[in-house]
Structure formats: C-alpha cells, structure tokens
Amino acid sequence: MTVSAETGTVLKAEAKQLSFFYGTAQALKNISLGIPDRCATALIGPSGCGKTTYLRCLNRMHDLYPGNRYEGELWLYPEQINLVSPHVDPIEIRMRIGMVFQKPNPFPKTIYENVAYGLRIRGSHGREDLDQAVERALRDAALWSEVKDRLQDQAFNLSGGQQQRLCIARALATGPEILLFDEPTSALDPTATARIEELVTALKQKVTIVIVTHNMQQAARVSDYTAFMYEGRLVECDRTERIFTNPSTKLTEEYVTGRFG
Amino acid sequence: MNADIAKTHVFKQTGEASVSPILAPRLKEKAIELLLLAAALMSVAITAGIVGVLVYESAAFFRQVPLWDFVTDPQWTPLFSEPHYGILSLVSGTLVTTVVALLVAIPAGSLIAIYLSEYAPRSIREAIKPALELLSAVPTVVYGYFALLFVTPALQAILPDLPGFNMLSAGLVIGLMIVPYVSSVSEDAMRAVPVSLREGAYALGATRMQTALRVVFPSALSGIAAAYVLGVSRAIGETMVVVIAAGMQPTLTWNPLEPAATMTAYIVQVSLGDLPHGSIGYRTIFATGLTLLLMTLLFNIAGHVLRKRYRQVY
Amino acid sequence: MSYGNVTDKSIDSSGRTAARKRMDRLFAVLGLLSLFSALMALAVLLGQLAFDGADRLSWQFMLSYPSRFADQAGILTAWIGTALVMLLTALTAVPLGVGAALYLEEYARRNLVTDIIEINIANLAGVPSIVYGLMALGLLVYGCRLGQSFLTAGLTLAMLILPIVIIATREAVRAVPPQIREAAYALGATKWQTVKDHAIPYSMGGILTGMILALSRAVGETAPLITVGALSFIAFLPHPPWGPDFPFLSLQWIFDPFTVMPIQMFNWVSRPQEAFHVNAAAAGLVLLIMTLAMNALAIAVRARYRKRIHW
C-alpha cells in the first residue's frame with residue numbers, strides 16, 4: 001500500500017516529476033502529485049494551466065496524436081505500473097481508467113449499445129451478462145429510472161444532462177479503477193450540473209475520481225482534495241477545505257478568491 | 001522510493017500480466033494497418049502503371065520515329081504505305097474543340113456561379129444545383145449522339161455549308177457538358193469568400209454586381225482558376241463526343257467548321273480496328289496518349305501556379 | 001453645409017444609382033439566362049432522345065441480341081454486360097477505395113509517403129479516362145494476359161473511379177467528430193475497433209453515396225473500354241456464374257469477351273443508316289435511365305442517412 005507522505009492517505013496514482021510536451025512546447029513541468037484512493041480530487045487553475053493535460057496523461061489520451069512526449073513517472077497503485085512508460089500499452093490503461101468528456105459525446109447508437117460498448121470490446125457477448133451490467137451502470141449513473149423503458153431509443157434523443165449521465169454510465173459499465181472527468185458540466189444547465197455533482201459525490205465511495213473544473217464552487221462541493229495548477233506547474237495540493245480557507249501560497253489564495261483566472 | 005527498483009518491478013508485473021495477451025491483438029492491428037496502407041499505395045501503383053506503359057511503348061515508338069518529325073510533320077497518316085507521324089494534326093483538333101468548349105463553358109459557368117452565389121435565394125440554389133449536376137451525369141456517348149444528330153443539323157440550318165462532321169458542334173456540346181464543373185467549383189470558391197468582405201463593399205454603396213465583380217470574384221480567383229483548369233482538362237480529354245461528331249480524319253486545321261480528329265479520337269479509331277500488338281501503328285496510340293497526358297499535366301501545373309499566386313488568406 | 005446642398009447631391013447621385021441598379025439587374029438576368037440555356041439544352045437533349053427512341057423501347061428490344069437488321073436488334077448482351085462489369089468494378093474499387101481513404105484519414109502520419117499518396121490521388125482524378133484505357137491495354141490485356149475480357153473491363157473502370165471513391169469516403173469519414181473517436185479510445189478500444197465500430201458505420205451514408213455516384217460515372221464510360229477492346233457485336237451471353245459442381249459457382253464468365261451499354265449505343269450511332277440511329281436513341285434512353293436512377297438513389301441514400309445522424 002502506498003501512502004502519501006504529506007496527507008497520510010492511501011494513494012491510487014502518483015505523478016513523480018512528470019513533464020509533458022506537445023511537440024516542443026512543454027505543457028507540464030515536473031508535476032509531483034498523488035491521487036488518493038476512493039476520493040475525489042479536483043484539479044483547478046486558469047485555462048492553459050495544464051490541468052486537462054495532466055488528466056489526459058492518466059489514460060494516455062495524448063498517445064492518439066503524433067509528436068507528444070511524456071517525461072518522468074506516473075504510477076498506478078497498488079501494482080506500481082508506470083502509466084507513461086513506453087512499454088505499457090495505452091489500451092490496457094484505458095481499459096482500467098475511464099473518462100468523461102467536457103461535452104457529452106454519446107455514440108449515435110441506442111442507449112443500450114452506448115453502455116454495452118465497453119463490455120463488447122472486452123469480449124463479453126452474453127445477453128444476460130450484458131443486460132445486467134447495463135442496468136447496473138445505468139443505476140449507478142442515476143439514469144436507470146428515466147431510460148429503463150426506452151433502452152433501444154437513440155442516445156441523441158436524450159437531453160444534454162441525460163447524455164452526460166449516459167456517458168458516465170458508459171464509463172462505469174466496465175468497472176474502472178479511476179474515473180476522469182474533464183469539466184463534465186461546462187456544457188450543462190444548473191439543474192443538470194447539480195445532478196452530475198450529486199453523482200460524483202456518490203460515486204467516490206466506489207471509484208477514485210479526478211475532476212478538472214474551472215468552477216471553484218464545484219471543486220469545493222464535490223472534492224476531498226484539490227490541486228491548484230498554474231502555467232504547467234503544480235502550485236499546491238491539499239485537502240479541499242484547506243485550499244479554500246487557508247492555502248499556503250499567495251497565488252492559490254488569489255486564484256480561489258477570484259482575483260484572477 | 002528508488003525509481004530504478006520501481007521500474008524493474010513494473011516490468012515483471014506487466015511482463016506477466018499484460019504483454020503476452022496483447023501481443024495477438026497488436027499483430028492483428030498492425031496487419032490491418034498494413035492492409036489499408038497497401039490499398040492506399042494501389043493508387044500510386046496505378047500512376048506508375050500509367051506512366052510506365054505510356055513511356056515504355058512511346059520509347060519503342062520514338063526509336064522508329066524521330067521526335068523532330070513527330071512535332072513538326074504537318075501530316076498524321078501512320079497507316080498509309082508512306083506513313084507520316086506529325087502529331088500537330090491531332091493536337092490542332094484537340095485545341096480547336098477545347099477552345100470552342102471553353103468559349104461556351106467559361107462565360108456561362110462563371111455567370112451561373114455568380115448568379116447562384118450572389119443573387120439566387122437559398123431555395124432556388126438548392127433546387128437548381130442538382131439539376132445542373134445532371135448535366136455532368138449524362139453519359140458522354142449520349143452527348144455525342146446529341147451533337148451529331150441534333151446540334152449539327154441545327155447549325156446547318158444557319159450555316160448550310162457545314163459538313164456533317166465538324167469541330168464546332170462537338171466543341172459546343174463539350175462546352176455544355178463542362179458547364180457544371182466550372183460553375184460548381186467556382187461557386188464553392190465564391191461562397192467561401194467571407195461575408196465581412198461583401199458587407200464592406202455594400203457599406204460603401206456598391207451594388208451586388210459591383211460587389212460580385214470587384215470584391216468576390218477577385219478574392220475567389222484562386223478557386224475559380226481551379227475550376228477553369230478542371231474544365232480545360234475535361235475538354236482536352238473528352239473522347240466520345242469528338243469521335244462521334246467531329247470526324248476521324250486527322251487534319252491540320254484551325255477552322256472549327258471543318259471536320260478533324262483529336263488525339264482522343266485517333267486512339268479510339270485505332271482501337272476499333274485490329275492492329276497487331278507491338279506494331280508501329282499500335283505504338284502510335286501510346287505516343288498520342290503520352291502527348292495527351294503531358295498536355296493535361298501542363299494545364300494542371302499552370303492551374304496550380306495560378307492558384308498559388310492568387311491564393312487569398314482570410 | 002446647408003440642407004439644400006445635400007438634397008441636390010442626393011438627387012444627382014440617384015440618377016447614377018438608377019443606372020447602376022439597371023446594370024445590376026442586367027447582370028442577374030445574364031446569369032439567369034445562362035442557367036436557363038444550360039437547363040434548356042439538357043431538356044432538349046432528353047426530349048430529343050425520348051422523341052427518337054421511346055417508340056423503339058420494348059421487351060423485345062431489351063431481350064434481343066444485336067443483329068444486322070436494325071428492327072430485330074436488341075440490347076440483351078449490352079445490359080447484362082454492363083451489370084456484370086459494374087459488379088466487378090464495385091467489388092474492386094470499393095474495398096480498395098474505402099481502405100485507402102481509411103488509411104489516409106485514420107492511420108496516416110504526416111510524412112513523405114502520405115504526401116506522395118495524397119498528391120497522387122489528386123492528380124489521378126484529372127487524368128483523361130482514355131489514358132486509363134491505354135494503361136489497361138498495355139498492362140492488363142497484354143501484360144497480364146487477361147485479354148479483352150469482363151475482368152479487364154471491370155478492373156479498368158475500377159482504377160478509373162478509384163480516386164472518386166477515395167475522395168468521397170475521406171470526406172464522409174472526416175465528418176465523424178473527433179470527440180466520438182476519443183470516446184471509443186477512452187473505453188479501451190483499439191484503433192481498428194474505433195474505425196470499424198464508429199468511423200465506418202457513422203459515415204456509411206456518405207460512403208454509399210460516393211460509391212453509387214462513382215459507379216454511375218463508370219456506367220457511362222465508353223472510351224477506355226473501346227481502348228481495351230470491347231466488342232460491339234456480341235451475339236451470345238457469357239458463361240453463367242453458376243456451375244454444376246460444388247461450390248456451384250463458376251468464374252469462367254470473367255474471361256469472356258464483353259460489351260456494355262454505351263459501346264452498343266456508340267456502335268449504332270456511328271452507322272450511317274437512320275434505323276440504327278433509332279436503336280441508338282433507345283439504348284441511350286435506357287443508359288440514361290440507369291445513370292439517372294443511380295443519381296436519384298444516391299440522393300435518397302444521402303437524405304436518409306442525414307436524417308438519422310446529425311452531429
């Protein structure tokens with residue numbers, strides 16, 4: 001079990017001196033940041049600070065585009081796998097770490113097929129297993145009661161908030177160890193946002209959550225830990241209430257009090 | 001924690017847990033990528049095939065016929081007992097029909113493009129465009145029929161001396177055929193001109209015509225040049241209309257009222273006959289084909305240069 | 001400045017404005033006139049063909065072999081030939097074209113090979129069709145000893161429409177938003193899974209439309225097939241595509257000599273006798289109906305898929 005030196009919590013992932021480059025432009029500079037197990041960690045900071053870049057390192061999304069390069073280490077615990085090692089298969093990583101995107105991006109398929117897709121590519125085809133897994137994922141994403149009678153409907157017919165919860169269900173169906181949220185509510189109205197936030201709070205019992213947000217109230221509401229990033233560097237990381245009430249750096253204080261960003 | 005120790009540790013882990021099961025799907029992925037790459041390379045192979053065949057057969061041809069004769073001899077009579085191999089007789093036919101076609105297609109195509117892009121309401125544009133596209137969907141052999149049995153008799157009513165086969169009628173019909181190519185590519189180019197540029201002109205009190213001619217048309221010139229080049233290469237390469245309506249007699253003439261064979265018509269004429277493979281007569285069509293390809297290439301390069309020169313960055 | 005002065009000026013310029021407006025309207029009229037002439041010419045062409053050929057259309061015409069006697073001749077071998085050549089063309093050009101397009105859109109990295117392929121496809125699209133015929137004559141008929149067969153014809157037209165299929169497929173695949181691909185990758189999909197489960201199905205409408213339009217172009221192609229040696233007088237059918245023994249399929253027909261609709265029409269139109277011109281018109285009518293039907297089908301397919309998926 002790997003325990004954070006600073007906070008004394010059990011860690012699920014940990015960046016050590018992690019740097020990242022888009023071509024020659026360095027987007028992350030020596031980030032060392034632990035992600036506590038079964039907690040929600042929020043990444044905050046002004047746009048361009050590298051929070052989404054860090055998030056996308058965790059499931060190697062950067063590998064999809066040419067010219068990107070990782071340096072340093074990003075450990076997944078408890079097995080101690082260096083996620084950014086070139087010897088580690090990014091597809092294996094994505095099998096274990098799910099992601100929810102900024103804008104809802106359901107596939108233009110039925111609701112059922114959206115949730116079942118992750119299981120299908122993992123080779124499960126048994127009708128009963130799939131039915132059960134789809135129902136469980138939709139219940140976990142608090143969507144089951146709204147869609148149980150129309151699982152064969154097109155996902156595009158759902159509202160924006162429902163689509164985003166469908167995307168959460170799609171990611172949950174495969175039982176990920178970490179779920180990454182990239183500003184999941186930025187395209188949603190306040191009511192839909194509130195439901196997603198409730199969901200995140202409920203889900204962190206089961207799965208480690210990392211959420212990027214530009215909304216500081218949201219970070220304060222849903223997360224246990226908050227990391228503040230600025231210009232590609234990690235400024236500070238601590239329990240959320242400390243970051244918002246008693247941050248240790250001037251920069252963090254100015255950002256959380258809304259003086260810039 | 002010591003990083004080196006950690007790394008070796010991971011290697012053991014992943015080595016047992018994941019590398020061997022992912023090897024099989026990895027191979028499949030790689031095989032599929034190679035298969036798709038092979039499909040993409042087929043297009044390069046086709047080009048290589050075209051150039052290879054034309055150059056190979058033409059090289060054999062030019063071993064027997066001096067290049068100088070080929071470009072200067074005024075007669076093209078490869079099948080006569082005293083053969084002449086002057087490509088100019090065929091090039092003249094191609095150029096005359098092409099020029100006639102462009103005299104129809106460029107003004108008509110440009111006016112239609114300006115009308116559709118600057119004047120026509122959306123609903124009309126949406127209705128007209130598919131109808132115009134139909135013009136390019138009609139098989140060329142049908143256009144040939146139309147040129148020979150409708151346009152020529154109609155022209156003979158005005159010009160009683162016009163022979164039954166003539167380049168004018170073939171050129172006019174080719175022009176009609178390439179109008180949609182010219183108009184649709186030019187229209188796309190003009191519609192890509194930002195509204196802000198037009199608004200600038202309107203704000204100065206320009207009419208739609210002035211805006212179209214002095215602002216939109218020049219800004220879209222690079223795309224319009226591409227449209228014209230497309231039209232030219234279509235006209236040069238057009239075969240069936242000239243075969244059917246312009247006659248098969250190679251003649252060095254610049255008069256569209258006369259019959260004359262084009263390069264394409266000559267190739268068809270020889271193909272319809274039964275020349276033995278490998279004979280000099282057989283090789284003439286490849287030398288003609290190579291000349292045709294070089295001419296299209298020349299126009300395409302010219303178009304490319306024009307496009308580069310007039311490219312506007314918004 | 002006094003008020004009156006301004007009024008004077010505006011009166012003065014309104015005369016010029018009127019002239020400019022007239023010019024403006026004249027220009028619109030010229031545009032409309034060109035449009036109208038082009039469409040009228042199309043209408044006259046269709047009308048002429050129908051007028052000349054409609055009476056000749058009959059089951060007898062569709063089901064007869066060519067003949068020395070115009071009134072007994074038919075297009076049986078021609079339309080069967082066209083159908084079989086199109087089958088071979090589609091079977092070759094579609095997998096190759098879609099494969100190439102998928103490679104360029106989904107797999108290719110920016111490098112020299114990719115650049116060469118891209119430039120090459122753009123240039124191939126501008127090569128005159130008869131040049132493809134010459135290439136096929138040298139490479140397929142004599143080089144590969146395929147002779148003047150259905151296979152040669154199918155492959156020739158496949159090469160001819162390959163750039164059209166590639167360009168249309170690329171456009172269709174490009175319309176699938178990258179967020180959809182990212183969603184699939186984030187679930188652990190491999191590249192090929194992402195392509196086959198998402199990129200292809202969601203762009204199917206565009207791929208099918210491009211394929212049908214490319215084939216409708218191939219249906220009317222005449223010159224390259226004359227070059228590879230289509231026979232215009234074929235009074236027998238190709239070998240049947242079935243056989244007496246397992247697996248009950250026979251490929252012998254692909255080596256039979258062929259003719260197609262446009263070649264039959266060309267043969268008739270180039271004869272001096274009036275009666276054969278009537279046959280040509282009737283064949284042209286059938287050919288035109290085939291191409292127009294394919295175009296209509298393409299429009300219908302596009303509309304259907306557009307309704308189903310909107311990003």
# chains A, B, ... in the order shown; residues from 1 in each chain; ligands from 1
call {"tool": "residues_around", "arguments": {"residues": "Tyr70 of chain A", "least_positions_apart": "4", "cutoff": "10 Å", "atoms": "only C-alpha atoms", "output": "PyMOL selection string"}}
result
chain A and resi 18-22+26+28+57+60+62-63+74+84-86
call {"tool": "write_last_selection", "arguments": {"atoms": "N, CA, C and O atoms", "output": "PDB file, in the first residue's frame"}}
result
ATOM      1  N   LEU A  18       6.613  14.501 -13.302  1.00  0.00           N
ATOM      2  CA  LEU A  18       6.008  14.262 -14.613  1.00  0.00           C
ATOM      3  C   LEU A  18       6.055  15.537 -15.455  1.00  0.00           C
ATOM      4  O   LEU A  18       5.628  16.602 -15.018  1.00  0.00           O
ATOM      5  N   SER A  19       6.626  15.400 -16.660  1.00  0.00           N
ATOM      6  CA  SER A  19       6.604  16.518 -17.609  1.00  0.00           C
ATOM      7  C   SER A  19       5.925  16.037 -18.872  1.00  0.00           C
ATOM      8  O   SER A  19       5.932  14.828 -19.170  1.00  0.00           O
ATOM      9  N   PHE A  20       5.341  16.959 -19.601  1.00  0.00           N
ATOM     10  CA  PHE A  20       4.681  16.565 -20.840  1.00  0.00           C
ATOM     11  C   PHE A  20       4.914  17.636 -21.898  1.00  0.00           C
ATOM     12  O   PHE A  20       4.890  18.836 -21.606  1.00  0.00           O
ATOM     13  N   PHE A  21       5.140  17.182 -23.146  1.00  0.00           N
ATOM     14  CA  PHE A  21       5.431  18.116 -24.240  1.00  0.00           C
ATOM     15  C   PHE A  21       4.478  17.897 -25.401  1.00  0.00           C
ATOM     16  O   PHE A  21       4.287  16.765 -25.855  1.00  0.00           O
ATOM     17  N   TYR A  22       3.866  18.970 -25.890  1.00  0.00           N
ATOM     18  CA  TYR A  22       3.188  18.932 -27.186  1.00  0.00           C
ATOM     19  C   TYR A  22       4.234  19.371 -28.210  1.00  0.00           C
ATOM     20  O   TYR A  22       4.509  20.564 -28.338  1.00  0.00           O
ATOM     21  N   GLN A  26       6.407  22.722 -23.791  1.00  0.00           N
ATOM     22  CA  GLN A  26       6.250  21.963 -22.555  1.00  0.00           C
ATOM     23  C   GLN A  26       4.972  22.395 -21.841  1.00  0.00           C
ATOM     24  O   GLN A  26       4.817  23.552 -21.479  1.00  0.00           O
ATOM     25  N   LEU A  28       3.489  20.445 -19.165  1.00  0.00           N
ATOM     26  CA  LEU A  28       3.552  20.099 -17.744  1.00  0.00           C
ATOM     27  C   LEU A  28       5.008  20.123 -17.322  1.00  0.00           C
ATOM     28  O   LEU A  28       5.875  19.600 -18.022  1.00  0.00           O
ATOM     29  N   CYS A  57      -2.977  12.580 -19.308  1.00  0.00           N
ATOM     30  CA  CYS A  57      -1.819  11.700 -19.151  1.00  0.00           C
ATOM     31  C   CYS A  57      -2.253  10.403 -18.472  1.00  0.00           C
ATOM     32  O   CYS A  57      -1.715   9.341 -18.744  1.00  0.00           O
ATOM     33  N   ARG A  60      -3.489   8.159 -20.978  1.00  0.00           N
ATOM     34  CA  ARG A  60      -2.657   8.155 -22.201  1.00  0.00           C
ATOM     35  C   ARG A  60      -3.422   8.615 -23.441  1.00  0.00           C
ATOM     36  O   ARG A  60      -3.182   8.132 -24.536  1.00  0.00           O
ATOM     37  N   HIS A  62      -3.038  11.319 -24.840  1.00  0.00           N
ATOM     38  CA  HIS A  62      -2.087  12.050 -25.691  1.00  0.00           C
ATOM     39  C   HIS A  62      -1.435  11.159 -26.736  1.00  0.00           C
ATOM     40  O   HIS A  62      -0.944  11.646 -27.739  1.00  0.00           O
ATOM     41  N   ASP A  63      -1.455   9.845 -26.488  1.00  0.00           N
ATOM     42  CA  ASP A  63      -0.834   8.934 -27.453  1.00  0.00           C
ATOM     43  C   ASP A  63      -1.557   8.933 -28.797  1.00  0.00           C
ATOM     44  O   ASP A  63      -1.029   8.459 -29.796  1.00  0.00           O
ATOM     45  N   LEU A  74       4.508   8.241 -13.797  1.00  0.00           N
ATOM     46  CA  LEU A  74       3.127   8.372 -13.326  1.00  0.00           C
ATOM     47  C   LEU A  74       2.694   6.982 -12.914  1.00  0.00           C
ATOM     48  O   LEU A  74       2.461   6.114 -13.747  1.00  0.00           O
ATOM     49  N   VAL A  84       3.046   6.077 -17.900  1.00  0.00           N
ATOM     50  CA  VAL A  84       3.571   6.760 -19.078  1.00  0.00           C
ATOM     51  C   VAL A  84       4.791   6.073 -19.659  1.00  0.00           C
ATOM     52  O   VAL A  84       5.426   6.605 -20.566  1.00  0.00           O
ATOM     53  N   SER A  85       5.100   4.881 -19.161  1.00  0.00           N
ATOM     54  CA  SER A  85       6.223   4.150 -19.745  1.00  0.00           C
ATOM     55  C   SER A  85       5.868   3.686 -21.151  1.00  0.00           C
ATOM     56  O   SER A  85       4.766   3.220 -21.393  1.00  0.00           O
ATOM     57  N   PRO A  86       6.792   3.807 -22.101  1.00  0.00           N
ATOM     58  CA  PRO A  86       6.501   3.353 -23.465  1.00  0.00           C
ATOM     59  C   PRO A  86       6.265   1.850 -23.539  1.00  0.00           C
ATOM     60  O   PRO A  86       5.733   1.366 -24.517  1.00  0.00           O
TER      61      PRO A  86
END
call {"tool": "interface_residues", "arguments": {"of": "chain C", "to": "chain A", "cutoff": "6 Å", "atoms": "only C-alpha atoms", "output": "PyMOL selection string"}}
result
chain C and resi 186-188
call {"tool": "write_last_selection", "arguments": {"atoms": "C-alpha atoms", "output": "mmCIF file, in the first residue's frame"}}
result
data_model
loop_
_atom_site.group_PDB
_atom_site.id
_atom_site.type_symbol
_atom_site.label_atom_id
_atom_site.label_comp_id
_atom_site.auth_asym_id
_atom_site.auth_seq_id
_atom_site.Cartn_x
_atom_site.Cartn_y
_atom_site.Cartn_z
ATOM 1 C CA ALA C 186 -11.187 6.185 -23.714
ATOM 2 C CA LEU C 187 -13.200 2.984 -23.268
ATOM 3 C CA GLY C 188 -10.155 0.979 -24.298
#
call {"tool": "atom_distance", "arguments": {"atom1": "atom CA of Ala40 of chain B", "atom2": "atom CA of Lys191 of chain C"}}
result
17.5 Å
call {"tool": "atom_distance", "arguments": {"atom1": "atom CA of Val242 of chain B", "atom2": "atom CA of Val141 of chain B"}}
result
9.8 Å
call {"tool": "residues_around", "arguments": {"residues": "segment 257-274 of chain B", "least_positions_apart": "2", "cutoff": "6 Å", "atoms": "only C-alpha atoms", "output": "PyMOL selection string"}}
result
(chain B and resi 90+93-94+165-168+239+243+246-251+255+285) or (chain C and resi 227)
call {"tool": "residues_around", "arguments": {"residues": "Thr213 of chain A", "least_positions_apart": "4", "cutoff": "8 Å", "atoms": "only C-alpha atoms", "output": "list in words"}}
result
Ala42, Leu43, Ile44, Asp182, Glu183, Pro184, Gln218 and Ala219 of chain A
call {"tool": "write_last_selection", "arguments": {"atoms": "N, CA, C and O atoms", "output": "short mmCIF file (atom, residue, chain, number, x, y, z; two decimals), in the first residue's frame"}}
result
data_model
loop_
_atom_site.label_atom_id
_atom_site.label_comp_id
_atom_site.auth_asym_id
_atom_site.auth_seq_id
_atom_site.Cartn_x
_atom_site.Cartn_y
_atom_site.Cartn_z
N ALA A 42 -9.93 17.30 -7.15
CA ALA A 42 -10.24 18.31 -8.15
C ALA A 42 -8.96 18.96 -8.63
O ALA A 42 -8.03 19.17 -7.84
N LEU A 43 -8.89 19.23 -9.94
CA LEU A 43 -7.76 19.98 -10.47
C LEU A 43 -8.29 21.33 -10.89
O LEU A 43 -9.21 21.42 -11.71
N ILE A 44 -7.75 22.39 -10.30
CA ILE A 44 -8.22 23.73 -10.66
C ILE A 44 -7.04 24.58 -11.13
O ILE A 44 -5.88 24.21 -10.94
N ASP A 182 -13.43 15.54 -17.28
CA ASP A 182 -12.83 16.75 -17.85
C ASP A 182 -13.90 17.83 -17.99
O ASP A 182 -14.62 17.86 -18.97
N GLU A 183 -14.00 18.69 -16.98
CA GLU A 183 -15.03 19.73 -16.96
C GLU A 183 -16.38 19.18 -17.41
O GLU A 183 -16.96 19.64 -18.39
N PRO A 184 -16.91 18.22 -16.70
CA PRO A 184 -18.07 17.47 -17.21
C PRO A 184 -19.35 18.29 -17.26
O PRO A 184 -20.31 17.85 -17.88
N GLN A 218 -17.69 24.33 -7.62
CA GLN A 218 -17.86 22.91 -7.89
C GLN A 218 -16.76 22.10 -7.22
O GLN A 218 -17.03 21.08 -6.59
N ALA A 219 -15.53 22.57 -7.35
CA ALA A 219 -14.42 21.87 -6.71
C ALA A 219 -14.68 21.77 -5.21
O ALA A 219 -14.52 20.71 -4.60
#
call {"tool": "closest_atom_pairs", "arguments": {"of": "chain B", "to": "chain C", "cutoff": "6 Å", "atoms": "only C-alpha atoms", "output": "JSON lines"}}
result
{"residue": "B:Leu36", "atom": "CA", "partner": "C:Gly99", "partner_atom": "CA", "distance": 5.0}
{"residue": "B:Leu37", "atom": "CA", "partner": "C:Tyr103", "partner_atom": "CA", "distance": 5.9}
{"residue": "B:Ala39", "atom": "CA", "partner": "C:Ala100", "partner_atom": "CA", "distance": 4.9}
{"residue": "B:Ala40", "atom": "CA", "partner": "C:Ala100", "partner_atom": "CA", "distance": 3.9}
{"residue": "B:Ile50", "atom": "CA", "partner": "C:Met135", "partner_atom": "CA", "distance": 5.1}
{"residue": "B:Val53", "atom": "CA", "partner": "C:Met135", "partner_atom": "CA", "distance": 5.8}
{"residue": "B:Ala108", "atom": "CA", "partner": "C:Ser34", "partner_atom": "CA", "distance": 5.3}
{"residue": "B:Leu111", "atom": "CA", "partner": "C:Gly31", "partner_atom": "CA", "distance": 4.7}
{"residue": "B:Ile112", "atom": "CA", "partner": "C:Gly31", "partner_atom": "CA", "distance": 5.0}
{"residue": "B:Tyr115", "atom": "CA", "partner": "C:Gly31", "partner_atom": "CA", "distance": 5.1}
{"residue": "B:Pro139", "atom": "CA", "partner": "C:Gly220", "partner_atom": "CA", "distance": 4.5}
{"residue": "B:Val142", "atom": "CA", "partner": "C:Gly284", "partner_atom": "CA", "distance": 6.0}
{"residue": "B:Met209", "atom": "CA", "partner": "C:Asp24", "partner_atom": "CA", "distance": 5.1}
{"residue": "B:Gly237", "atom": "CA", "partner": "C:Pro128", "partner_atom": "CA", "distance": 4.7}
{"residue": "B:Ser271", "atom": "CA", "partner": "C:Thr227", "partner_atom": "CA", "distance": 5.1}
call {"tool": "residues_around", "arguments": {"residues": "Gln148 of chain C", "least_positions_apart": "4", "cutoff": "8 Å", "atoms": "only C-alpha atoms", "output": "short mmCIF file (atom, residue, chain, number, x, y, z; two decimals) with C-alpha atoms, in the first residue's frame"}}
result
data_model
loop_
_atom_site.label_atom_id
_atom_site.label_comp_id
_atom_site.auth_asym_id
_atom_site.auth_seq_id
_atom_site.Cartn_x
_atom_site.Cartn_y
_atom_site.Cartn_z
CA VAL C 141 -4.74 -7.07 -71.84
CA THR C 152 -10.13 -6.40 -67.84
CA ALA C 153 -13.14 -4.11 -68.25
CA VAL C 228 -9.14 -2.30 -74.14
CA GLY C 229 -11.12 -3.87 -76.95
CA ALA C 230 -14.82 -4.12 -76.16
CA PHE C 255 -12.71 -14.25 -69.04
CA ASP C 256 -15.45 -13.99 -71.69
CA PRO C 257 -15.42 -11.15 -74.22
CA PHE C 258 -17.71 -8.32 -73.23
#
call {"tool": "closest_atom_pairs", "arguments": {"of": "chain A", "to": "chain B", "cutoff": "10 Å", "atoms": "only C-alpha atoms", "output": "Markdown table"}}
result
| residue | atom | partner | partner_atom | distance |
| --- | --- | --- | --- | --- |
| A:Lys16 | CA | B:Ala3 | CA | 9.5 |
| A:Gly72 | CA | B:Ala3 | CA | 9.9 |
| A:Glu73 | CA | B:Ala3 | CA | 8.7 |
| A:Trp75 | CA | B:Ala6 | CA | 9.5 |
| A:Glu79 | CA | B:Gln13 | CA | 7.5 |
| A:Gln80 | CA | B:Val10 | CA | 6.1 |
| A:Ile81 | CA | B:Val10 | CA | 5.3 |
| A:Asn82 | CA | B:Val10 | CA | 7.0 |
| A:Ser85 | CA | B:Lys7 | CA | 9.1 |
| A:His87 | CA | B:Phe11 | CA | 8.2 |
| A:Val88 | CA | B:Thr14 | CA | 7.4 |
| A:Asp89 | CA | B:Val19 | CA | 8.1 |
| A:Ile91 | CA | B:Ile22 | CA | 9.2 |
| A:Glu92 | CA | B:Ser18 | CA | 7.6 |
call {"tool": "select_by_dssp", "arguments": {"residues": "segment 6-179 of chain C", "states": "helix (DSSP H, G or I)", "output": "PyMOL selection string"}}
result
chain C and resi 6-56+59-63+70-72+76-107+112-124+129-143+150-174+178-179
call {"tool": "residues_around", "arguments": {"residues": "Glu57 of chain B", "least_positions_apart": "2", "cutoff": "8 Å", "atoms": "only C-alpha atoms", "output": "JSON, numbers by chain"}}
result
{"B": [53, 54, 55, 59, 60, 61, 283, 286, 287]}
